[in-house]
Structures are given as C-alpha cells and as structure tokens.
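Content type compact mmCIF, C-alpha atoms and all ligand atoms, from the file final39.txt:
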```txt
# COMPACT_ATOMS: atom_id res chain seq x y z
CA MET K 1 215.74 78.32 -120.14
CA THR K 2 217.06 80.57 -122.91
CA LEU K 3 219.33 78.73 -125.34
CA LYS K 4 222.52 80.72 -125.94
CA ILE K 5 223.52 80.47 -129.58
CA GLY K 6 226.76 81.28 -131.39
CA VAL K 7 226.54 82.03 -135.13
CA ILE K 8 229.51 81.31 -137.41
CA GLY K 9 229.30 83.06 -140.77
CA THR K 10 227.39 86.34 -140.77
CA GLY K 11 226.76 86.75 -144.51
CA MET K 12 223.32 86.62 -146.06
CA ILE K 13 221.84 83.58 -144.30
CA GLY K 14 223.78 84.01 -141.02
CA ARG K 15 222.43 87.55 -140.68
CA ASP K 16 218.90 86.37 -141.49
CA HIS K 17 219.01 83.51 -138.96
CA THR K 18 220.35 85.93 -136.34
CA ARG K 19 217.39 88.25 -137.03
CA ARG K 20 215.05 85.26 -136.70
CA ILE K 21 216.47 84.24 -133.32
CA GLN K 22 216.58 87.80 -131.98
CA GLN K 23 213.28 89.13 -133.33
CA VAL K 24 210.94 86.31 -134.35
CA LEU K 25 211.48 83.14 -132.33
CA ALA K 26 211.21 82.50 -128.60
CA GLY K 27 213.55 80.51 -126.35
CA ALA K 28 216.97 81.54 -127.68
CA GLU K 29 219.34 84.46 -128.02
CA VAL K 30 222.48 85.04 -130.06
CA VAL K 31 225.36 85.53 -127.60
CA ALA K 32 228.32 85.10 -129.98
CA LEU K 33 229.16 85.86 -133.60
CA SER K 34 232.12 85.00 -135.81
CA ASP K 35 233.01 85.55 -139.43
CA TYR K 36 236.10 85.26 -141.59
CA ASN K 37 235.50 88.95 -142.13
CA PRO K 38 235.21 90.42 -138.59
CA ASP K 39 233.59 93.59 -139.93
CA ALA K 40 230.65 91.48 -141.17
CA ALA K 41 230.24 89.99 -137.67
CA ARG K 42 230.48 93.43 -136.06
CA ALA K 43 227.85 94.79 -138.44
CA VAL K 44 225.43 92.02 -137.44
CA GLN K 45 226.28 92.61 -133.79
CA ALA K 46 225.50 96.33 -134.15
CA ASP K 47 222.27 95.75 -136.05
CA LEU K 48 220.82 92.70 -134.31
CA ALA K 49 222.72 91.42 -131.27
CA PRO K 50 224.46 94.23 -129.36
CA ALA K 51 225.13 91.99 -126.32
CA ALA K 52 226.88 89.29 -128.39
CA THR K 53 230.64 88.75 -128.28
CA VAL K 54 232.47 88.79 -131.61
CA TYR K 55 235.07 86.02 -131.91
CA GLU K 56 237.80 86.17 -134.53
CA LYS K 57 237.89 82.39 -134.89
CA GLY K 58 234.89 80.10 -135.19
CA GLU K 59 236.74 77.47 -133.12
CA ASP K 60 236.94 79.92 -130.19
CA LEU K 61 233.20 80.63 -130.47
CA ILE K 62 232.47 76.88 -130.33
CA ALA K 63 234.65 76.46 -127.23
CA ALA K 64 233.24 79.55 -125.46
CA PRO K 65 231.56 78.55 -122.17
CA GLU K 66 228.61 80.92 -122.68
CA VAL K 67 227.69 79.23 -126.01
CA ASP K 68 225.20 76.32 -125.67
CA ALA K 69 224.58 75.65 -129.38
CA ILE K 70 226.08 76.60 -132.74
CA LEU K 71 224.73 77.77 -136.10
CA VAL K 72 227.16 77.13 -138.98
CA CYS K 73 226.28 79.61 -141.75
CA SER K 74 229.70 80.17 -143.32
CA THR K 75 230.62 79.13 -146.86
CA GLY K 76 230.13 75.42 -147.63
CA ALA K 77 233.80 74.41 -147.67
CA THR K 78 234.18 75.46 -144.00
CA HIS K 79 231.20 73.49 -142.63
CA GLU K 80 232.83 70.13 -141.96
CA ALA K 81 235.54 71.43 -139.62
CA TYR K 82 233.11 73.55 -137.59
CA VAL K 83 230.52 70.77 -137.26
CA LEU K 84 233.23 68.30 -136.14
CA ALA K 85 234.43 70.83 -133.55
CA ALA K 86 230.86 71.31 -132.28
CA ILE K 87 230.41 67.54 -131.92
CA ALA K 88 233.77 67.28 -130.11
CA ALA K 89 232.52 69.98 -127.72
CA GLY K 90 229.21 68.07 -127.26
CA LYS K 91 227.17 71.08 -128.42
CA PRO K 92 224.08 70.90 -130.68
CA CYS K 93 224.82 72.35 -134.10
CA PHE K 94 222.59 73.60 -136.91
CA CYS K 95 224.55 73.44 -140.17
CA GLU K 96 223.38 75.15 -143.33
CA LYS K 97 223.51 72.97 -146.42
CA PRO K 98 225.78 71.43 -147.54
CA LEU K 99 226.78 69.45 -144.46
CA ALA K 100 230.16 69.00 -146.18
CA THR K 101 231.38 69.54 -149.72
CA THR K 102 232.34 65.88 -150.16
CA ALA K 103 230.58 62.64 -149.27
CA ASP K 104 233.72 61.58 -147.35
CA GLY K 105 233.52 64.78 -145.31
CA ALA K 106 229.85 64.16 -144.49
CA ARG K 107 230.73 60.58 -143.50
CA ARG K 108 233.34 61.87 -141.04
CA ILE K 109 230.60 63.92 -139.38
CA VAL K 110 228.26 60.89 -139.25
CA ASP K 111 231.04 58.79 -137.68
CA ALA K 112 231.84 61.48 -135.10
CA GLU K 113 228.17 61.84 -134.15
CA VAL K 114 227.69 58.08 -133.90
CA ALA K 115 230.78 57.88 -131.66
CA HIS K 116 229.29 60.67 -129.52
CA GLY K 117 226.19 58.49 -129.12
CA THR K 118 223.34 61.02 -129.47
CA ARG K 119 222.21 63.29 -132.29
CA LEU K 120 223.71 66.78 -132.19
CA VAL K 121 223.43 67.95 -135.81
CA GLN K 122 220.52 69.36 -137.81
CA VAL K 123 221.11 70.16 -141.50
CA GLY K 124 219.41 73.21 -143.04
CA PHE K 125 217.12 71.38 -145.45
CA MET K 126 214.24 73.75 -144.76
CA ARG K 127 211.81 72.41 -147.38
CA ARG K 128 210.84 69.63 -144.96
CA TYR K 129 209.34 72.43 -142.84
CA ASP K 130 207.43 74.12 -145.69
CA ALA K 131 203.66 73.92 -145.06
CA GLY K 132 203.05 72.88 -148.69
CA TYR K 133 205.49 69.96 -148.58
CA VAL K 134 204.17 68.89 -145.17
CA ALA K 135 200.61 68.80 -146.62
CA LEU K 136 201.86 66.98 -149.72
CA LYS K 137 203.57 64.32 -147.58
CA GLU K 138 200.36 63.80 -145.63
CA ALA K 139 198.44 63.38 -148.91
CA VAL K 140 201.02 60.87 -150.16
CA GLN K 141 200.81 58.89 -146.92
CA THR K 142 197.02 58.85 -146.69
CA ARG K 143 195.37 59.50 -150.07
CA THR K 144 197.37 58.96 -153.27
CA GLY K 145 198.13 55.29 -152.67
CA ALA K 146 201.69 54.05 -153.12
CA PRO K 147 203.74 56.53 -155.21
CA ILE K 148 204.79 55.47 -158.70
CA MET K 149 206.23 58.65 -160.23
CA VAL K 150 207.18 62.21 -159.26
CA HIS K 151 207.29 65.06 -161.79
CA ALA K 152 209.10 68.12 -160.50
CA ALA K 153 210.65 71.39 -161.62
CA HIS K 154 213.07 73.85 -160.02
CA ARG K 155 213.15 77.08 -162.03
CA ASN K 156 215.04 80.29 -161.30
CA PRO K 157 214.67 83.48 -163.36
CA THR K 158 218.43 83.84 -163.83
CA VAL K 159 221.83 82.95 -162.32
CA PRO K 160 225.19 84.78 -162.32
CA GLU K 161 228.13 83.95 -164.61
CA GLN K 162 229.88 82.10 -161.72
CA TYR K 163 227.08 79.50 -161.65
CA LEU K 164 228.50 76.49 -163.51
CA THR K 165 226.77 73.27 -164.64
CA PRO K 166 227.62 71.15 -161.51
CA MET K 167 226.14 73.89 -159.30
CA ALA K 168 222.73 73.00 -160.73
CA ILE K 169 223.17 69.84 -158.64
CA HIS K 170 225.14 71.00 -155.57
CA ASP K 171 223.32 74.31 -155.04
CA THR K 172 219.92 73.83 -156.69
CA LEU K 173 218.85 70.17 -156.99
CA ILE K 174 220.24 69.48 -153.48
CA HIS K 175 216.93 70.65 -151.99
CA GLU K 176 214.88 68.26 -154.18
CA ILE K 177 217.35 65.45 -153.43
CA ASP K 178 216.67 65.80 -149.73
CA VAL K 179 212.98 66.58 -149.79
CA PHE K 180 212.03 63.65 -152.07
CA ARG K 181 213.85 61.12 -149.84
CA TRP K 182 211.79 62.52 -146.96
CA LEU K 183 208.54 62.83 -148.95
CA LEU K 184 208.67 59.25 -150.24
CA ASP K 185 210.45 57.71 -147.24
CA ASP K 186 212.75 56.04 -149.76
CA ASP K 187 216.38 56.05 -150.92
CA TYR K 188 217.85 56.55 -154.37
CA VAL K 189 219.45 53.77 -156.37
CA SER K 190 220.38 55.58 -159.60
CA ALA K 191 220.60 58.90 -161.43
CA ARG K 192 220.56 59.90 -165.09
CA VAL K 193 220.84 63.38 -166.61
CA LEU K 194 219.49 64.48 -169.98
CA PHE K 195 220.18 67.82 -171.65
CA PRO K 196 217.80 69.30 -174.22
CA ARG K 197 219.13 72.06 -176.49
CA LYS K 198 220.71 74.87 -174.48
CA ALA K 199 218.44 77.82 -173.68
CA ASP K 200 219.43 81.03 -175.46
CA ARG K 201 219.81 82.94 -172.16
CA ALA K 202 222.19 80.37 -170.56
CA HIS K 203 225.73 81.76 -170.35
CA ALA K 204 228.72 80.10 -171.99
CA ARG K 205 229.84 77.81 -169.12
CA LEU K 206 226.38 76.54 -168.13
CA ARG K 207 224.33 73.78 -169.73
CA ASP K 208 220.78 74.82 -168.97
CA PRO K 209 218.13 73.44 -168.72
CA GLN K 210 218.61 69.81 -167.76
CA VAL K 211 216.45 66.92 -166.61
CA VAL K 212 217.59 64.67 -163.76
CA VAL K 213 215.94 61.26 -163.50
CA LEU K 214 216.27 59.57 -160.12
CA GLU K 215 215.11 56.05 -159.35
CA THR K 216 214.35 54.93 -155.81
CA ALA K 217 214.74 51.60 -154.03
CA LYS K 218 210.93 51.13 -154.12
CA GLY K 219 210.95 51.69 -157.91
CA VAL K 220 209.61 55.27 -157.99
CA LEU K 221 210.83 57.28 -160.99
CA ILE K 222 211.42 61.00 -160.33
CA ASP K 223 212.04 63.47 -163.14
CA VAL K 224 213.22 66.95 -162.12
CA GLU K 225 213.59 69.76 -164.62
CA ILE K 226 216.26 72.25 -163.54
CA PHE K 227 215.95 75.47 -165.52
CA VAL K 228 217.87 78.34 -163.94
CA ASN K 229 217.38 80.86 -166.76
CA CYS K 230 213.64 80.45 -167.13
CA HIS K 231 213.23 84.22 -167.00
CA TYR K 232 209.60 84.32 -165.82
CA GLY K 233 210.00 83.64 -162.08
CA TYR K 234 211.13 81.41 -159.22
CA ASP K 235 208.90 78.39 -159.57
CA ILE K 236 208.96 75.12 -157.62
CA GLN K 237 206.67 72.39 -158.91
CA CYS K 238 206.05 68.87 -157.65
CA GLU K 239 203.43 66.31 -158.54
CA VAL K 240 203.28 62.82 -157.02
CA VAL K 241 201.50 60.15 -159.07
CA GLY K 242 200.22 57.32 -156.89
CA GLU K 243 198.19 54.13 -157.29
CA ASP K 244 194.91 55.90 -156.46
CA GLY K 245 195.43 59.55 -157.31
CA ILE K 246 197.75 62.47 -157.93
CA ALA K 247 198.82 65.09 -155.38
CA ARG K 248 200.39 68.46 -156.27
CA LEU K 249 202.48 70.82 -154.16
CA PRO K 250 200.28 73.87 -153.49
CA GLU K 251 201.19 77.15 -155.15
CA PRO K 252 202.35 79.92 -152.77
CA MET K 253 199.45 82.02 -151.53
CA ALA K 254 198.77 84.92 -153.89
CA ILE K 255 195.93 87.23 -154.82
CA GLN K 256 194.23 86.03 -157.97
CA MET K 257 193.02 88.85 -160.20
CA ARG K 258 190.34 89.07 -162.86
CA LEU K 259 191.49 92.11 -164.73
CA GLY K 260 191.39 93.42 -168.28
CA ALA K 261 189.74 90.27 -169.63
CA THR K 262 192.44 88.03 -168.09
CA LEU K 263 192.74 85.73 -165.09
CA GLN K 264 196.06 86.51 -163.37
CA ASN K 265 198.10 84.65 -160.71
CA PRO K 266 201.39 86.30 -159.69
CA ILE K 267 204.53 84.12 -159.55
CA LEU K 268 207.37 84.83 -157.10
CA THR K 269 210.76 85.87 -158.45
CA ASP K 270 213.01 85.47 -155.35
CA TRP K 271 213.67 82.11 -153.66
CA LYS K 272 213.95 83.87 -150.28
CA ASP K 273 210.24 84.73 -150.44
CA ARG K 274 209.19 81.20 -151.42
CA PHE K 275 210.44 79.44 -148.28
CA VAL K 276 210.60 82.31 -145.79
CA ALA K 277 208.19 80.73 -143.29
CA SER K 278 209.94 77.35 -143.36
CA TYR K 279 213.20 78.90 -142.11
CA ASP K 280 211.35 80.06 -138.99
CA VAL K 281 209.90 76.59 -138.37
CA GLU K 282 213.21 74.76 -138.92
CA LEU K 283 215.09 77.01 -136.50
CA ASN K 284 212.30 76.72 -133.95
CA ASP K 285 212.70 72.93 -134.18
CA PHE K 286 216.44 73.33 -133.66
CA ILE K 287 215.96 75.57 -130.60
CA LYS K 288 213.52 73.12 -128.98
CA ALA K 289 215.77 70.09 -129.51
CA ALA K 290 219.03 71.90 -128.66
CA THR K 291 217.50 73.10 -125.40
CA ARG K 292 217.23 69.38 -124.54
CA GLY K 293 220.87 68.90 -125.59
CA THR K 294 220.07 67.07 -128.83
CA ALA K 295 219.01 67.64 -132.46
CA ALA K 296 215.91 66.86 -134.57
CA GLY K 297 214.89 67.23 -138.22
CA PRO K 298 217.23 66.57 -141.15
CA SER K 299 220.21 64.65 -139.76
CA SER K 300 223.87 64.18 -140.59
CA TRP K 301 222.79 60.95 -142.25
CA ASP K 302 220.43 62.93 -144.49
CA GLY K 303 223.30 65.32 -145.29
CA TYR K 304 225.51 62.34 -146.12
CA ALA K 305 222.82 60.73 -148.32
CA ALA K 306 222.39 64.06 -150.14
CA ALA K 307 226.16 64.34 -150.70
CA ILE K 308 226.40 60.80 -152.15
CA THR K 309 223.41 61.48 -154.40
CA SER K 310 224.79 64.86 -155.54
CA ASP K 311 228.10 63.29 -156.48
CA ALA K 312 226.24 60.64 -158.53
CA CYS K 313 224.17 63.33 -160.27
CA VAL K 314 227.29 65.31 -161.22
CA ALA K 315 228.84 62.09 -162.56
CA ALA K 316 225.60 61.55 -164.50
CA GLN K 317 225.92 65.06 -166.00
CA ASP K 318 229.42 64.15 -167.20
CA ALA K 319 228.18 60.83 -168.60
CA GLU K 320 225.09 62.37 -170.21
CA GLY K 321 222.28 59.83 -170.68
CA THR K 322 224.05 57.07 -168.75
CA THR K 323 222.58 55.57 -165.59
CA VAL K 324 224.88 56.08 -162.59
CA ALA K 325 224.33 53.83 -159.57
CA ILE K 326 223.79 55.33 -156.11
CA THR K 327 224.78 53.15 -153.18
CA LEU K 328 224.16 54.16 -149.60
CA PRO K 329 226.02 52.23 -146.89
CA ALA K 330 224.00 50.70 -144.03
CA ARG K 331 222.39 53.38 -141.86
CA PRO K 332 223.64 53.51 -138.26
CA ALA K 333 220.95 52.85 -135.62
CA LEU K 334 221.34 56.42 -134.34
CA TYR K 335 219.38 57.62 -137.38
CA ASP K 336 216.49 55.09 -137.27
P1 LIG N 401 227.56 84.51 -147.82
O1 LIG N 401 226.60 85.65 -147.88
O2 LIG N 401 228.75 84.51 -148.72
O3 LIG N 401 228.04 84.37 -146.31
C1 LIG N 401 229.01 83.46 -145.89
C2 LIG N 401 229.87 84.16 -144.85
O4 LIG N 401 230.78 83.23 -144.29
C3 LIG N 401 230.69 85.32 -145.43
O5 LIG N 401 230.58 86.45 -144.61
C4 LIG N 401 232.10 84.74 -145.45
O6 LIG N 401 233.11 85.74 -145.32
C5 LIG N 401 232.05 83.88 -144.20
N1 LIG N 401 233.12 82.91 -144.12
C6 LIG N 401 233.87 82.37 -145.12
N2 LIG N 401 234.80 81.51 -144.60
C7 LIG N 401 234.60 81.52 -143.26
C8 LIG N 401 235.22 80.85 -142.18
N3 LIG N 401 236.23 79.97 -142.36
N4 LIG N 401 234.76 81.10 -140.92
C9 LIG N 401 233.75 81.97 -140.70
N5 LIG N 401 233.13 82.63 -141.69
C10 LIG N 401 233.54 82.41 -142.95
O7 LIG N 401 226.81 83.13 -148.12
P2 LIG N 401 225.31 82.72 -147.74
O8 LIG N 401 224.46 82.93 -148.91
O9 LIG N 401 224.95 83.31 -146.43
O10 LIG N 401 225.49 81.13 -147.60
C11 LIG N 401 226.12 80.54 -146.48
C12 LIG N 401 225.76 79.05 -146.42
O11 LIG N 401 224.36 78.93 -146.30
C13 LIG N 401 226.15 78.29 -147.70
O12 LIG N 401 226.60 77.01 -147.35
C14 LIG N 401 224.85 78.21 -148.48
O13 LIG N 401 224.78 77.08 -149.31
C15 LIG N 401 223.84 78.13 -147.36
N6 LIG N 401 222.53 78.67 -147.76
C16 LIG N 401 221.44 77.89 -147.58
C17 LIG N 401 220.20 78.35 -147.98
C18 LIG N 401 219.00 77.49 -147.82
O14 LIG N 401 218.02 77.69 -148.53
N7 LIG N 401 219.00 76.57 -146.89
C19 LIG N 401 220.07 79.61 -148.53
C20 LIG N 401 221.22 80.40 -148.67
C21 LIG N 401 222.44 79.93 -148.26
P3 LIG N 401 233.80 86.30 -146.67
O15 LIG N 401 232.70 86.98 -147.43
O16 LIG N 401 234.84 87.24 -146.17
O17 LIG N 401 234.34 85.10 -147.39
```
Rendering of file as structure tokens:
Amino acid sequence: MTLKIGVIGTGMIGRDHTRRIQQVLAGAEVVALSDYNPDAARAVQADLAPAATVYEKGEDLIAAPEVDAILVCSTGATHEAYVLAAIAAGKPCFCEKPLATTADGARRIVDAEVAHGTRLVQVGFMRRYDAGYVALKEAVQTRTGAPIMVHAAHRNPTVPEQYLTPMAIHDTLIHEIDVFRWLLDDDYVSARVLFPRKADRAHARLRDPQVVVLETAKGVLIDVEIFVNCHYGYDIQCEVVGEDGIARLPEPMAIQMRLGATLQNPILTDWKDRFVASYDVELNDFIKAATRGTAAGPSSWDGYAAAITSDACVAAQDAEGTTVAITLPARPALYD
C-alpha cells in the first residue's frame, strides 16, 4: 500500500519533507498540499509533486478523502488546530515542533488523542532518530552505569535580529528538552537559568549566552549552554557522566586533515546539515506507523512535556538564578 500524504505548510521544512517523501523514502506519496500562501504550495507542486491537489484551506486537505495522513509543517501557532482536526478525522498526523505554542494547547491535543483511543500523532523531534544520539542512548543504557550528570551545549554561529531571549528556549533548547527526557528515560522536576556577561556579538534584545540547569526526577543534573552567536560554527555537544564511565555524543563525520603543521577537523555551520539523515529516519517511522493507521516515535505526551518544560525555562530566564519547579500531570496509559 502507498500511504497518501497531505502536507500543510510548504515553507522551508514542508518543501524539504515533500522532497523526502517524493524522492528519498518508499511507501508514500504526497497527494495534497496547502499553504496560507497558495503560490508557495503551487511552487512545491510544480517542483516536487505535480499530481498533488492544492487546497486553499488546510482543513479541506485534512477532510479530503484521498488523504490518508497529514504532515503539519506550517508556522507553530497554527499547529494545534490542524492536529486537532486530523485527530477528529481519525488520520495519523506528523506535526513539526512545537506541537502547540502553549502547554494548554498541547494538553488539548493529548486529551483528544486519548479520547480517540489510539495514537495518531508523531511530533517532529528528530534528534531521537540521529545515529549519534541512538548510539549514546545505548551506551547510557549498557555501559556508563546510572547517569549522574549531563553537560551539553547548543551553539549557533549567529541568529537574526528577530530572535529574542525566550526563543533560545522555544526554538533552540526545545530539542535538548525532548532528547534528554528520551536519553535518560526521566522527567524534569526543575529549571534554573544563569546568564554570564553578554557576548559582544549578541544584538540588543537578546541575552546570549545562557546556561540552563535542569534537574530530573532521578536526581540527574543537566547543564546546557545555549550560545547562538558563537561565530565559529553549528556545534551540538553532549556528555553523559555515569556511575562507571562517561559517554560523549559522536562528532559528525568529517575528514580530518594534517596540513601545514596543524591537525584540522572541520565543524558544520548549518543546522540543516547536522541532522539531515535523522529527518529521513523520522519520516520513514511515520510512514510505517501511519500505514497501519497509528503513530510511533515522539508522542503528543512528549510534545506536552516539552511545552511545560519550555514554559518553566522561560519563567526561569525571567527569574534569573531562581529554581522554577516543573510538574507533569499523571501520564495517560495511552503513552506507556
Ligand atoms: P516557514 O519557511 O516560514 O514555512 C511555514 C509556512 O507555513 C509558510 O509558507 C507560511 O506561509 C505557512 N503558513 C502560515 N500560516 C499557515 C496556515 N494557517 N496554514 C497553512 N500554512 C500556513 O517555516 P519553517 O522553517 O518551514 O518552519 C515550519 C515549522 O517547522 C515551524 O513550526 C518550525 O518550528 C518547524 N521546524 C522544525 C525543524 C526541526 O528541526 N524539527 C526545523 C525547521 C522548522 P506565510 O509565509 O505566507 O506565512
């Protein structure tokens, strides 16, 4: 069976996922496209999916009888309504992060999915599919002994003027928030944010860098440096300190050079290159599960947990140095 997919939002990531489905992955085809800007949808249709129908409204795409499953790739504020409509239609739905822009919105999706009775939603937390994180998780489960601490960094060369201090949490740290819950099989209980002196390159409305300290229910302390004007490259670091040993996230594959009396290792500069393979694996997982009428991978519950944690981290930015509690409600059995 070929899964017939409708894509809502045909900007940067919607176009890229459409390319993936049409040109890289097996078992699915894009049969419908929709965007707030119909010209953007028509451009993707012309370039990648000539047989697809362009719908003016995402709701009409979701209801279309030829559409088996939905990809929500529009701007974050529109996700909740589309995901709820997909659940109401009983169709599997891959939703780019964030699942919703508020924790209450994410909870509404959890409640709708629980009422439906089976999983239908996968959230686009693609780091769980990165080969390096998968290997790191295996090392943590089998070799490091019980984790005690995690030291991590998320560094971007630069960000635009529109990137404000809370976006370091909602747009940047959000990936660490999800992947460390998964890596440690643990939940957060508190967050604290510390700001060193502001970097010279940080623009006026951004406090950069910052250090977020998360504590988990099992007592693991996680420090994450977020430095989005680091200048030198896009660099993701993670080291797990356990009872018996320490495991590090592998560096991306690169040609090491001995040249001119130096030892050189190139560092990536674009986040799209860092996780390119994991996007293929996550969508392949979605296609396989959606073909069975369900969803796998990061769930609505994970999206909800990330939203609650993000809100606490933003509150911790505002209350610099103060510990902010993170409380997750009881997890519904659907997500066990
Ligand atoms: P983008 O290039 O701005 O594309 C978003 C598209 O959605 C635009 O074409 C926009 O049209 C359209 N849109 C806005 N409101 C809509 C609505 N109500 N219905 C249908 N389409 C609508 O943004 P992007 O970079 O692709 O990001 C899209 C989502 O993916 C965001 O939530 C982002 O956080 C997420 N994302 C995730 C990753 C990841 O690593 N997992 C990476 C990148 C992006 P207009 O331009 O006319 O507003």
- prompt: Which of these, K:Met1, K:Ile148, K:Ala26, K:Val276, has the shortest distance to Gly219 (chain K) once you count only C-alpha atoms?
  reply: K:Ile148
- request: Find the residues around region 6-20 of chain K up to 8 Å (all atoms listed in the file counted), leave out those fewer than 5 positions away in its own chain, and share them as a PyMOL selection string.
  value: chain K and resi 25+30-36+40-41+44+48-49+58+61-62+67-75+280+283
- request: Tell me which protein, DNA and RNA residues are within 12 Å of Glu80 (chain K), counting all atoms listed in the file, leaving out same-chain ones fewer than 2 positions away, and put them as a VMD selection string.
  value: chain K and resid 72 to 78 82 to 87 93 to 110 112 121 123 300 303 to 304
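Separating atom C8 of ligand LIG 401 (chain N) from CA of Met126 (chain K) is a distance of 22.3 Å.
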Per-axis box centre and lengths in Å around region 53-68 of chain K, 6 Å margin per side, axis-aligned, as AutoDock Vina command-line options:
```
--center_x 231.5 --center_y 82.6 --center_z -128.7 --size_x 24.7 --size_y 24.5 --size_z 25.0
```
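Using only C-alpha atoms, the shortest contact distance between Cys313 (chain K) and any of K:Pro38, K:Gly90, K:Gly233, K:Pro166 is found at K:Pro166.
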task: Take the point (204.2, 89.5, -160.8) as written in the file and pick out every residue within 10 Å of it, counting all atoms listed in the file; give the list as a list of chain:residue names.
output: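 Selection result: K:Tyr232, K:Gly233, K:Ala254, K:Gln264, K:Asn265, K:Pro266, K:Ile267, K:Leu268, K:Thr269.
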Restricting the output to C-alpha atoms, write the selected residues as a PDB file, keeping the file's coordinate frame.
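Output file selection-v8.pdb follows:
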```
ATOM      1  CA  TYR K 232     209.600  84.320-165.820  1.00  0.00           C
ATOM      2  CA  GLY K 233     210.000  83.640-162.080  1.00  0.00           C
ATOM      3  CA  ALA K 254     198.770  84.920-153.890  1.00  0.00           C
ATOM      4  CA  GLN K 264     196.060  86.510-163.370  1.00  0.00           C
ATOM      5  CA  ASN K 265     198.100  84.650-160.710  1.00  0.00           C
ATOM      6  CA  PRO K 266     201.390  86.300-159.690  1.00  0.00           C
ATOM      7  CA  ILE K 267     204.530  84.120-159.550  1.00  0.00           C
ATOM      8  CA  LEU K 268     207.370  84.830-157.100  1.00  0.00           C
ATOM      9  CA  THR K 269     210.760  85.870-158.450  1.00  0.00           C
TER      10      THR K 269
END
```
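Straight-line separation from atom N5 of ligand LIG 401 (chain N) to CA of Asp60 (chain K): 12.4 Å.
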message: Need the shell around Arg155 (chain K): protein/DNA/RNA residues with any atom at most 6 Å away, counting all atoms listed in the file. Skip same-chain ones fewer than 3 positions apart. Format as a VMD selection string?
response: chain K and resid 226 to 228 234 to 235
Could you pull the residues within 8 Å of His231 (chain K), counting all atoms listed in the file, minus those fewer than 4 positions along the same chain, as a short mmCIF file (atom, residue, chain, number, x, y, z; two decimals) with C-alpha atoms, keeping the file's coordinate frame?
```cif
data_model
loop_
_atom_site.label_atom_id
_atom_site.label_comp_id
_atom_site.auth_asym_id
_atom_site.auth_seq_id
_atom_site.Cartn_x
_atom_site.Cartn_y
_atom_site.Cartn_z
CA ASN K 156 215.04 80.29 -161.30
CA PRO K 157 214.67 83.48 -163.36
CA THR K 158 218.43 83.84 -163.83
#
```
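Using only C-alpha atoms, the smallest distance between any of K:Lys4, K:Arg42, K:Arg205, K:His79 and Glu29 (chain K) comes from K:Lys4.
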Which neighbours of His151 (chain K) fall inside 6 Å, counting only C-alpha atoms, when residues of the same chain fewer than 2 positions from it are skipped, and could you give them as an mmCIF file with C-alpha atoms, in the coordinates of the input?
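Contents of the output file result.cif:
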```cif
data_model
loop_
_atom_site.group_PDB
_atom_site.id
_atom_site.type_symbol
_atom_site.label_atom_id
_atom_site.label_comp_id
_atom_site.auth_asym_id
_atom_site.auth_seq_id
_atom_site.Cartn_x
_atom_site.Cartn_y
_atom_site.Cartn_z
ATOM 1 C CA ILE K 222 211.420 61.000 -160.330
ATOM 2 C CA ASP K 223 212.040 63.470 -163.140
ATOM 3 C CA CYS K 238 206.050 68.870 -157.650
ATOM 4 C CA GLU K 239 203.430 66.310 -158.540
#
```
field: Expected answer as a VMD selection string: all residues with atoms within 9 Å of (229.9, 77.5, -169.9), all atoms listed in the file
entry: chain K and resid 161 163 to 165 202 to 207
message: So the first atom is atom O5 of ligand LIG 401 (chain N) and the second is CA of Arg274 (chain K); what is the distance between them in Å, to one decimal place?
response: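 It comes out at 23.1 Å.
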field: Which of K:Asp171, K:Asp244, K:Glu225, K:Glu113 sits closest to Ala295 (chain K) [using all atoms listed in the file]
entry: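 That would be K:Glu113, the residue with the smallest distance to Ala295 (chain K).
Of the listed residues (K:Pro298, K:Gly117, K:Pro209, K:Pro92), K:Pro298 comes nearest to ligand LIG 401 (chain N); the distances count all atoms listed in the file.
Distances from K:Leu183, K:Val134, K:Ala247, K:Ala277 to ligand LIG 401 (chain N) were compared using only C-alpha atoms and all ligand atoms, and the smallest one belongs to K:Ala277.
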